[in-house]
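Everything below belongs to data-v6.cif, which stores mmCIF, C-alpha atoms and all ligand atoms.
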data_structure
loop_
_atom_site.label_atom_id
_atom_site.label_comp_id
_atom_site.auth_asym_id
_atom_site.auth_seq_id
_atom_site.Cartn_x
_atom_site.Cartn_y
_atom_site.Cartn_z
CA MET A 1 12.09 39.85 -22.83
CA THR A 2 12.13 37.28 -25.60
CA THR A 3 12.05 33.55 -25.60
CA SER A 4 13.71 31.72 -28.41
CA ILE A 5 11.83 28.73 -29.69
CA ALA A 6 13.73 26.44 -32.00
CA ALA A 7 11.54 25.04 -34.76
CA ASP A 8 12.18 21.44 -33.75
CA ALA A 9 11.55 22.15 -30.09
CA ILE A 10 7.79 22.22 -30.45
CA GLN A 11 7.53 18.81 -32.06
CA PRO A 12 5.53 16.46 -29.89
CA LEU A 13 7.54 14.00 -27.83
CA ALA A 14 7.22 10.42 -28.93
CA LEU A 15 5.14 9.13 -26.03
CA PRO A 16 3.56 5.68 -25.94
CA SER A 17 0.05 6.17 -27.30
CA SER A 18 -1.52 4.27 -24.39
CA ALA A 19 0.04 6.54 -21.74
CA PRO A 20 -2.31 9.30 -20.58
CA PRO A 21 -0.72 12.75 -20.92
CA MET A 22 1.25 13.72 -17.85
CA ARG A 23 -0.06 16.79 -16.04
CA VAL A 24 2.43 19.60 -15.55
CA LEU A 25 1.78 22.61 -13.37
CA ALA A 26 2.87 25.80 -15.10
CA ALA A 27 2.82 28.67 -12.61
CA GLU A 28 3.48 31.97 -14.31
CA ASP A 29 1.93 35.40 -13.75
CA ASN A 30 3.08 36.90 -17.03
CA PRO A 31 0.31 36.26 -19.61
CA VAL A 32 2.77 36.01 -22.50
CA PHE A 33 4.92 33.33 -20.81
CA GLN A 34 1.74 31.70 -19.59
CA SER A 35 0.33 31.14 -23.06
CA MET A 36 3.74 30.16 -24.37
CA LEU A 37 4.08 27.50 -21.67
CA ARG A 38 0.58 26.25 -22.37
CA THR A 39 1.26 25.91 -26.11
CA MET A 40 4.65 24.26 -25.67
CA LEU A 41 3.56 21.80 -22.99
CA THR A 42 0.53 20.75 -25.03
CA LYS A 43 2.64 20.23 -28.15
CA TRP A 44 5.14 18.12 -26.20
CA GLY A 45 2.36 15.79 -25.10
CA TYR A 46 1.81 17.12 -21.57
CA LEU A 47 -1.44 18.31 -20.03
CA PRO A 48 -0.73 21.83 -18.70
CA VAL A 49 -2.35 22.97 -15.46
CA ILE A 50 -2.00 26.74 -15.41
CA ALA A 51 -1.68 28.80 -12.22
CA ARG A 52 -1.57 32.60 -12.46
CA SER A 53 -0.18 33.33 -9.01
CA GLY A 54 1.91 31.73 -6.30
CA THR A 55 -1.11 31.16 -4.08
CA GLU A 56 -2.96 29.44 -6.89
CA ALA A 57 0.09 27.26 -7.60
CA TRP A 58 0.36 26.23 -3.96
CA ARG A 59 -3.35 25.33 -3.88
CA VAL A 60 -2.78 23.00 -6.83
CA LEU A 61 0.35 21.45 -5.34
CA GLU A 62 -1.15 20.78 -1.93
CA SER A 63 -4.24 19.15 -3.43
CA GLU A 64 -4.73 15.39 -3.19
CA ASP A 65 -3.93 14.62 -6.83
CA ALA A 66 -1.27 17.25 -7.53
CA PRO A 67 0.72 17.15 -10.79
CA ARG A 68 4.09 15.54 -10.19
CA LEU A 69 5.98 17.89 -12.47
CA ALA A 70 5.92 21.65 -11.86
CA VAL A 71 7.40 24.65 -13.67
CA LEU A 72 7.36 27.57 -11.27
CA ASP A 73 8.14 31.16 -12.00
CA TRP A 74 10.32 32.67 -9.28
CA MET A 75 8.59 36.06 -9.10
CA MET A 76 4.84 35.77 -8.69
CA PRO A 77 2.18 37.61 -6.74
CA GLY A 78 0.96 35.95 -3.55
CA MET A 79 3.85 33.57 -3.03
CA ASP A 80 7.12 33.30 -4.91
CA GLY A 81 8.45 30.11 -6.48
CA VAL A 82 11.12 29.65 -3.82
CA GLU A 83 8.54 29.76 -1.02
CA ILE A 84 6.42 27.19 -2.86
CA CYS A 85 9.48 24.91 -3.21
CA ARG A 86 10.09 25.19 0.51
CA ARG A 87 6.50 24.35 1.36
CA VAL A 88 6.39 21.38 -1.00
CA ARG A 89 9.59 19.94 0.51
CA ASP A 90 8.40 20.60 4.06
CA ALA A 91 5.22 18.66 3.32
CA ASN A 92 7.55 15.78 2.34
CA ARG A 93 4.81 13.86 0.63
CA GLU A 94 4.80 10.96 -1.73
CA PRO A 95 4.87 10.79 -4.66
CA TYR A 96 7.69 13.24 -5.13
CA ILE A 97 7.02 16.50 -7.00
CA TYR A 98 9.79 17.49 -9.40
CA ILE A 99 10.17 21.29 -9.54
CA LEU A 100 11.80 23.35 -12.23
CA LEU A 101 12.22 27.00 -11.29
CA LEU A 102 12.05 29.73 -13.93
CA THR A 103 13.94 32.83 -13.08
CA ALA A 104 15.23 36.05 -14.56
CA ARG A 105 17.92 36.02 -11.88
CA THR A 106 21.33 34.89 -12.96
CA GLU A 107 23.43 35.52 -9.85
CA SER A 108 24.77 32.24 -8.56
CA GLN A 109 23.70 33.23 -5.03
CA ASP A 110 20.09 33.40 -6.24
CA LEU A 111 20.32 30.02 -7.91
CA ILE A 112 21.79 28.48 -4.76
CA LYS A 113 18.88 29.93 -2.81
CA GLY A 114 16.39 28.35 -5.23
CA MET A 115 18.04 24.95 -5.19
CA ASP A 116 18.43 25.11 -1.41
CA ALA A 117 14.71 25.71 -1.07
CA GLY A 118 14.13 22.41 -2.86
CA ALA A 119 14.01 23.14 -6.58
CA ASP A 120 15.34 20.24 -8.64
CA ASP A 121 16.40 22.34 -11.60
CA TYR A 122 16.15 25.86 -12.94
CA LEU A 123 16.08 27.76 -16.20
CA THR A 124 16.89 31.42 -16.60
CA LYS A 125 14.58 33.65 -18.60
CA PRO A 126 14.57 34.16 -21.47
CA PHE A 127 14.74 30.42 -21.81
CA ASN A 128 15.25 28.26 -24.82
CA ALA A 129 12.20 26.12 -25.53
CA HIS A 130 14.27 23.14 -26.58
CA GLU A 131 16.16 23.33 -23.30
CA LEU A 132 12.91 23.43 -21.32
CA ARG A 133 11.70 20.39 -23.22
CA VAL A 134 14.76 18.24 -22.47
CA ARG A 135 14.86 19.37 -18.86
CA LEU A 136 11.23 18.40 -18.38
CA HIS A 137 12.07 15.09 -19.96
CA ALA A 138 14.94 14.62 -17.51
CA GLY A 139 12.56 15.43 -14.65
CA ARG A 140 10.13 12.88 -15.93
CA ARG A 141 12.87 10.25 -16.02
CA ILE A 142 13.64 10.95 -12.35
CA LEU A 143 9.95 10.60 -11.49
CA ASP A 144 9.75 7.30 -13.37
CA LEU A 145 12.78 6.00 -11.48
CA GLN A 146 11.24 7.08 -8.21
CA GLU A 147 8.01 5.29 -9.08
CA GLU A 148 9.94 2.11 -9.77
CA LEU A 149 11.69 2.45 -6.42
CA LEU A 150 8.37 2.92 -4.63
CA LYS A 151 6.97 -0.15 -6.36
CA ALA A 152 10.05 -2.17 -5.43
CA ARG A 153 9.77 -1.01 -1.82
CA GLU A 154 6.08 -1.94 -1.77
CA ALA A 155 6.87 -5.38 -3.24
CA LEU A 156 9.56 -5.92 -0.58
CA ARG A 157 7.15 -4.92 2.16
CA GLU A 158 4.55 -7.31 0.77
CA GLN A 159 7.15 -10.08 0.62
CA ALA A 160 8.31 -9.43 4.16
CA THR A 161 4.82 -9.45 5.65
CA HIS A 162 2.95 -12.02 3.56
CA ASP A 163 3.19 -15.72 2.94
CA GLY A 164 4.32 -16.38 -0.61
CA LEU A 165 2.13 -19.42 -1.20
CA THR A 166 -1.23 -18.32 0.21
CA GLY A 167 -0.92 -14.53 0.15
CA LEU A 168 -2.03 -14.46 3.80
CA LEU A 169 -0.13 -12.54 6.48
CA ASN A 170 2.94 -14.51 7.53
CA ARG A 171 3.61 -15.72 11.05
CA SER A 172 5.45 -12.65 12.31
CA SER A 173 2.90 -10.23 10.82
CA ILE A 174 -0.14 -11.98 12.22
CA LEU A 175 1.53 -12.13 15.65
CA GLU A 176 2.36 -8.45 15.38
CA GLY A 177 -1.29 -7.79 14.48
CA LEU A 178 -2.41 -9.78 17.51
CA ASP A 179 -0.06 -7.76 19.71
CA ASP A 180 -1.61 -4.51 18.44
CA GLU A 181 -5.15 -5.77 18.93
CA ILE A 182 -4.41 -6.90 22.50
CA SER A 183 -3.00 -3.45 23.37
CA ARG A 184 -6.04 -1.80 21.83
CA ALA A 185 -8.39 -4.21 23.63
CA ALA A 186 -6.73 -3.53 26.97
CA ARG A 187 -7.30 0.22 26.51
CA SER A 188 -10.93 -0.13 25.48
CA ASN A 189 -11.73 -3.17 27.62
CA GLN A 190 -12.95 -5.07 24.57
CA PRO A 191 -12.40 -8.78 23.98
CA VAL A 192 -10.04 -10.22 21.39
CA SER A 193 -10.44 -13.76 20.16
CA VAL A 194 -8.00 -16.05 18.45
CA ILE A 195 -8.73 -19.07 16.31
CA MET A 196 -6.03 -21.61 15.56
CA ALA A 197 -7.01 -23.77 12.60
CA ASP A 198 -5.13 -26.83 11.39
CA LEU A 199 -5.95 -28.93 8.33
CA ASP A 200 -6.62 -32.52 9.27
CA ARG A 201 -4.25 -35.22 8.04
CA PHE A 202 -2.54 -32.83 5.69
CA LYS A 203 0.62 -34.91 5.56
CA LEU A 204 -1.43 -37.59 3.89
CA VAL A 205 -2.38 -35.17 1.09
CA ASN A 206 1.29 -34.44 0.40
CA ASP A 207 2.31 -38.10 0.67
CA THR A 208 -0.51 -39.45 -1.48
CA HIS A 209 -1.12 -36.71 -4.02
CA GLY A 210 2.19 -34.85 -4.05
CA HIS A 211 3.27 -31.36 -3.03
CA VAL A 212 1.60 -29.62 -5.94
CA ALA A 213 -1.78 -30.91 -4.73
CA GLY A 214 -0.73 -30.04 -1.16
CA ASP A 215 0.01 -26.46 -2.19
CA ALA A 216 -3.34 -26.20 -3.99
CA VAL A 217 -5.08 -27.36 -0.81
CA LEU A 218 -3.24 -24.79 1.30
CA ARG A 219 -4.15 -21.99 -1.13
CA GLU A 220 -7.79 -23.01 -1.26
CA ALA A 221 -7.98 -23.37 2.54
CA ALA A 222 -6.52 -19.86 2.89
CA LEU A 223 -9.12 -18.53 0.47
CA ARG A 224 -12.01 -20.20 2.29
CA LEU A 225 -10.82 -19.02 5.72
CA LYS A 226 -10.33 -15.51 4.44
CA SER A 227 -13.70 -15.30 2.74
CA SER A 228 -15.55 -16.61 5.76
CA ALA A 229 -13.80 -14.16 8.11
CA ARG A 230 -15.30 -10.77 8.97
CA ARG A 231 -13.81 -7.79 7.17
CA TYR A 232 -11.85 -6.61 10.21
CA ASP A 233 -10.46 -10.03 11.16
CA SER A 234 -6.88 -10.90 10.19
CA VAL A 235 -6.02 -14.29 8.80
CA GLY A 236 -2.42 -15.48 8.78
CA ARG A 237 -0.45 -18.61 7.95
CA TYR A 238 1.06 -19.62 11.26
CA GLY A 239 3.19 -22.36 9.78
CA GLY A 240 2.80 -25.51 7.64
CA GLU A 241 -0.92 -26.25 7.48
CA GLU A 242 -1.73 -24.14 10.54
CA PHE A 243 -3.59 -20.82 10.37
CA LEU A 244 -4.07 -18.13 12.99
CA ILE A 245 -7.10 -15.85 12.87
CA VAL A 246 -7.31 -12.72 15.04
CA LEU A 247 -10.81 -11.41 15.77
CA PRO A 248 -10.83 -7.97 17.39
CA GLY A 249 -13.87 -7.00 19.46
CA CYS A 250 -15.18 -10.55 19.26
CA ASP A 251 -16.29 -12.35 22.43
CA ALA A 252 -15.85 -16.07 23.01
CA ALA A 253 -19.33 -17.10 21.87
CA ALA A 254 -19.08 -15.09 18.65
CA ALA A 255 -15.58 -16.48 18.05
CA VAL A 256 -16.86 -20.04 18.40
CA ALA A 257 -19.65 -19.28 15.94
CA GLN A 258 -17.05 -17.82 13.59
CA ALA A 259 -14.80 -20.87 13.97
CA LYS A 260 -17.75 -23.15 13.15
CA ARG A 261 -18.42 -21.14 9.98
CA MET A 262 -14.78 -21.63 9.03
CA ARG A 263 -14.91 -25.34 9.75
CA ASP A 264 -18.02 -25.60 7.56
CA ALA A 265 -16.43 -23.54 4.78
CA ILE A 266 -13.49 -25.96 4.65
CA ALA A 267 -15.55 -29.15 4.80
CA ALA A 268 -18.44 -27.99 2.58
CA THR A 269 -17.18 -28.97 -0.87
CA PRO A 270 -14.18 -30.92 -2.17
CA PHE A 271 -11.01 -28.97 -2.91
CA LEU A 272 -10.03 -28.95 -6.58
CA THR A 273 -6.41 -30.00 -7.00
CA PRO A 274 -4.33 -30.90 -10.06
CA SER A 275 -4.62 -34.58 -9.11
CA GLU A 276 -8.25 -35.02 -8.02
CA PRO A 277 -10.91 -33.29 -5.91
CA LEU A 278 -10.14 -33.88 -2.23
CA LEU A 279 -12.34 -33.69 0.81
CA VAL A 280 -10.51 -31.63 3.41
CA THR A 281 -11.44 -30.91 7.01
CA ALA A 282 -9.93 -28.72 9.71
CA SER A 283 -9.75 -28.72 13.48
CA LEU A 284 -10.05 -25.38 15.22
CA GLY A 285 -9.22 -24.13 18.70
CA VAL A 286 -10.60 -20.88 20.09
CA SER A 287 -9.44 -18.59 22.87
CA CYS A 288 -10.63 -15.19 24.02
CA SER A 289 -9.50 -12.49 26.39
CA SER A 290 -9.27 -8.74 26.82
CA HIS A 291 -6.14 -8.60 28.89
CA CYS A 292 -4.02 -11.75 28.52
CA PRO A 293 -0.64 -11.53 26.80
CA PRO A 294 -0.69 -12.66 23.16
CA GLU A 295 1.47 -15.74 23.82
CA TYR A 296 -1.07 -16.92 26.36
CA LEU A 297 -3.98 -16.49 23.94
CA VAL A 298 -2.13 -18.37 21.21
CA HIS A 299 -1.17 -21.08 23.67
CA GLN A 300 -4.79 -21.46 24.80
CA ALA A 301 -6.01 -21.69 21.21
CA ASP A 302 -3.30 -24.25 20.51
CA GLU A 303 -4.37 -26.38 23.48
CA ALA A 304 -7.97 -26.19 22.30
CA LEU A 305 -6.84 -27.19 18.81
CA TYR A 306 -5.12 -30.29 20.17
CA ALA A 307 -8.27 -31.15 22.08
CA ALA A 308 -10.19 -30.85 18.79
CA LYS A 309 -7.72 -33.23 17.12
CA ALA A 310 -7.94 -35.66 20.02
CA GLY A 311 -11.73 -35.42 19.97
CA GLY A 312 -11.90 -36.77 16.41
CA ARG A 313 -10.96 -33.78 14.17
CA ASN A 314 -13.26 -31.65 11.95
CA ARG A 315 -14.49 -29.79 14.99
CA VAL A 316 -14.22 -26.62 17.06
CA VAL A 317 -13.09 -26.66 20.67
CA ALA A 318 -13.11 -23.72 23.06
CA PRO A 319 -12.52 -25.01 26.54
CA PHE A 320 -12.78 -21.65 28.19
CA VAL A 321 -16.01 -20.33 26.76
CA THR A 322 -17.54 -18.90 29.89
CA PRO A 323 -18.97 -15.43 30.42
CA GLY A 324 -15.99 -14.53 32.58
CA LEU A 325 -13.61 -15.55 29.79
CA THR A 326 -10.21 -16.97 30.57
CA GLY A 327 -7.95 -16.05 33.45
CA CYS A 328 -4.26 -15.65 32.76
MG MG B 1 6.72 36.48 -12.68
#

Could you take the file, read its structure, and then write that structure out as structure tokens?
Amino acid sequence: MTTSIAADAIQPLALPSSAPPMRVLAAEDNPVFQSMLRTMLTKWGYLPVIARSGTEAWRVLESEDAPRLAVLDWMMPGMDGVEICRRVRDANREPYIYILLLTARTESQDLIKGMDAGADDYLTKPFNAHELRVRLHAGRRILDLQEELLKAREALREQATHDGLTGLLNRSSILEGLDDEISRAARSNQPVSVIMADLDRFKLVNDTHGHVAGDAVLREAALRLKSSARRYDSVGRYGGEEFLIVLPGCDAAAAVAQAKRMRDAIAATPFLTPSEPLLVTASLGVSCSSHCPPEYLVHQADEALYAAKAGGRNRVVAPFVTPGLTGC
């Protein structure tokens, strides 16, 4: 069996110098093909990961950080290339692994079997090195496109669940989070607390200093609330200048203490804005329960918040802080 290697085929690919070499699994039991693949892949700017049997190849591909491009020989001891394709596709993991099957078989039935098992492409032995190079390049292009798609999907998800201005969870996401926490709390009989925080006289900031200053205040308030929250609390923008904080496993007394820390964090130092430093305060309402529906908890926190406003602002109110917690 011979493999023709065109002289120009072993020139390195022009890859951006900053890009780390892409790892390519080369699974081949024949030592001659093995060393040929190693030499070619290295010269083309890839980092070859060699497997000498099907079982070895599968171990590499099922590992956490598997190469995303694989050249698999069809006939190998332990497990053949087709079986590996099948297993990789069954695992259905992300990111996608692009598989090029090498085979001495030329019957179209065989090729259909290979592609059916999940191979993306195939080359028949003896293969032309130049052809292998361009096919790997095509595979790489597909992987790049897939990566862009994944990034776009991730960006869309971020956009759909987060508030564009503050980066906090948006209203529907924080309410969804509260829903989940209430279900969990009901199962484990643990409390869940909710804090509703509203910036005091925010309209005045917008009217006096303009919307750019208003936006800076909202961003800074979000940052201060988030950094004074516990790691497992969720902070969301409920609307306008109103924020909802969900505190799983937190009883009423601890939630009040937490709300006071948040009030202090807001009032502690002036907010820097493009116009001038502004002193900002917030009013906060707290509610707590282990079994009330989420709407009820939010409603209770809202009522408490209004009581805090009516009581003079820059304060925390939790009308139902009793050991028995609230009834609903
Ligand atoms: Mg073989």

Checklist entry - Can you tell me which residues sit at most 9 Å away from ligand MG 1 (chain B), counting all atoms listed in the file, written as number ranges by chain? => result A: 27-30, 33, 53, 73-77, 80, 102-104

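You can rank A:Arg231, A:Arg224, A:Arg105, A:His299 by their closest distance to Ala268 in chain A using only C-alpha atoms, and at the top of that list sits A:Arg224.
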
Checklist entry - Can you tell me, as number ranges by chain, what residues are no more than 8 Å from Leu279 in chain A when counting all atoms listed in the file, ignoring any on the same chain fewer than 2 positions away? => result A: 267, 269-271, 277, 281

Let's have the selection written as a PDB file, in the frame of the given file, with C-alpha atoms.
ATOM      1  CA  ALA A 267     -15.550 -29.150   4.800  1.00  0.00           C
ATOM      2  CA  THR A 269     -17.180 -28.970  -0.870  1.00  0.00           C
ATOM      3  CA  PRO A 270     -14.180 -30.920  -2.170  1.00  0.00           C
ATOM      4  CA  PHE A 271     -11.010 -28.970  -2.910  1.00  0.00           C
ATOM      5  CA  PRO A 277     -10.910 -33.290  -5.910  1.00  0.00           C
ATOM      6  CA  THR A 281     -11.440 -30.910   7.010  1.00  0.00           C
TER       7      THR A 281
END

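By all atoms listed in the file, and with residues fewer than 3 positions from range 153-163 of chain A along its chain excluded, the set lying at most 12 Å from it is Gln146, Glu147, Glu148, Leu149, Leu150, Thr166, Gly167, Leu168, Leu169, Asn170, Arg171, Ser172, Ser173, Ile174, Leu175, Glu176, Gly177, Leu218, Arg219, Ala222, Ser234, Val235, Gly236, Arg237, Tyr238, Gly239, Gly240 and Phe243 of chain A.
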
Checklist entry - What is the distance, in Å and to one decimal place, between CA of His209 in chain A and CA of Ser283 in chain A? => result 21.1 Å

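Interatomic distance, CA of Asp200 in chain A against CA of Ser228 in chain A: 18.6 Å.
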
Which range 167-206 of chain A residues have any atom within 8 Å of an atom of range 253-265 of chain A, and for each, what is the nearest pair of atoms with distance in Å to one decimal, counting only C-alpha atoms, rows sorted by chain and number, as JSON lines?
{"residue": "A:Ser193", "atom": "CA", "partner": "A:Ala255", "partner_atom": "CA", "distance": 6.2}
{"residue": "A:Val194", "atom": "CA", "partner": "A:Ala255", "partner_atom": "CA", "distance": 7.6}
{"residue": "A:Ile195", "atom": "CA", "partner": "A:Ala259", "partner_atom": "CA", "distance": 6.7}

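With distances taken over all atoms listed in the file, A:Ala216 is the one residue among A:Ala252, A:Leu223, A:Ala216, A:Ala304 lying closest to Leu278 in chain A.
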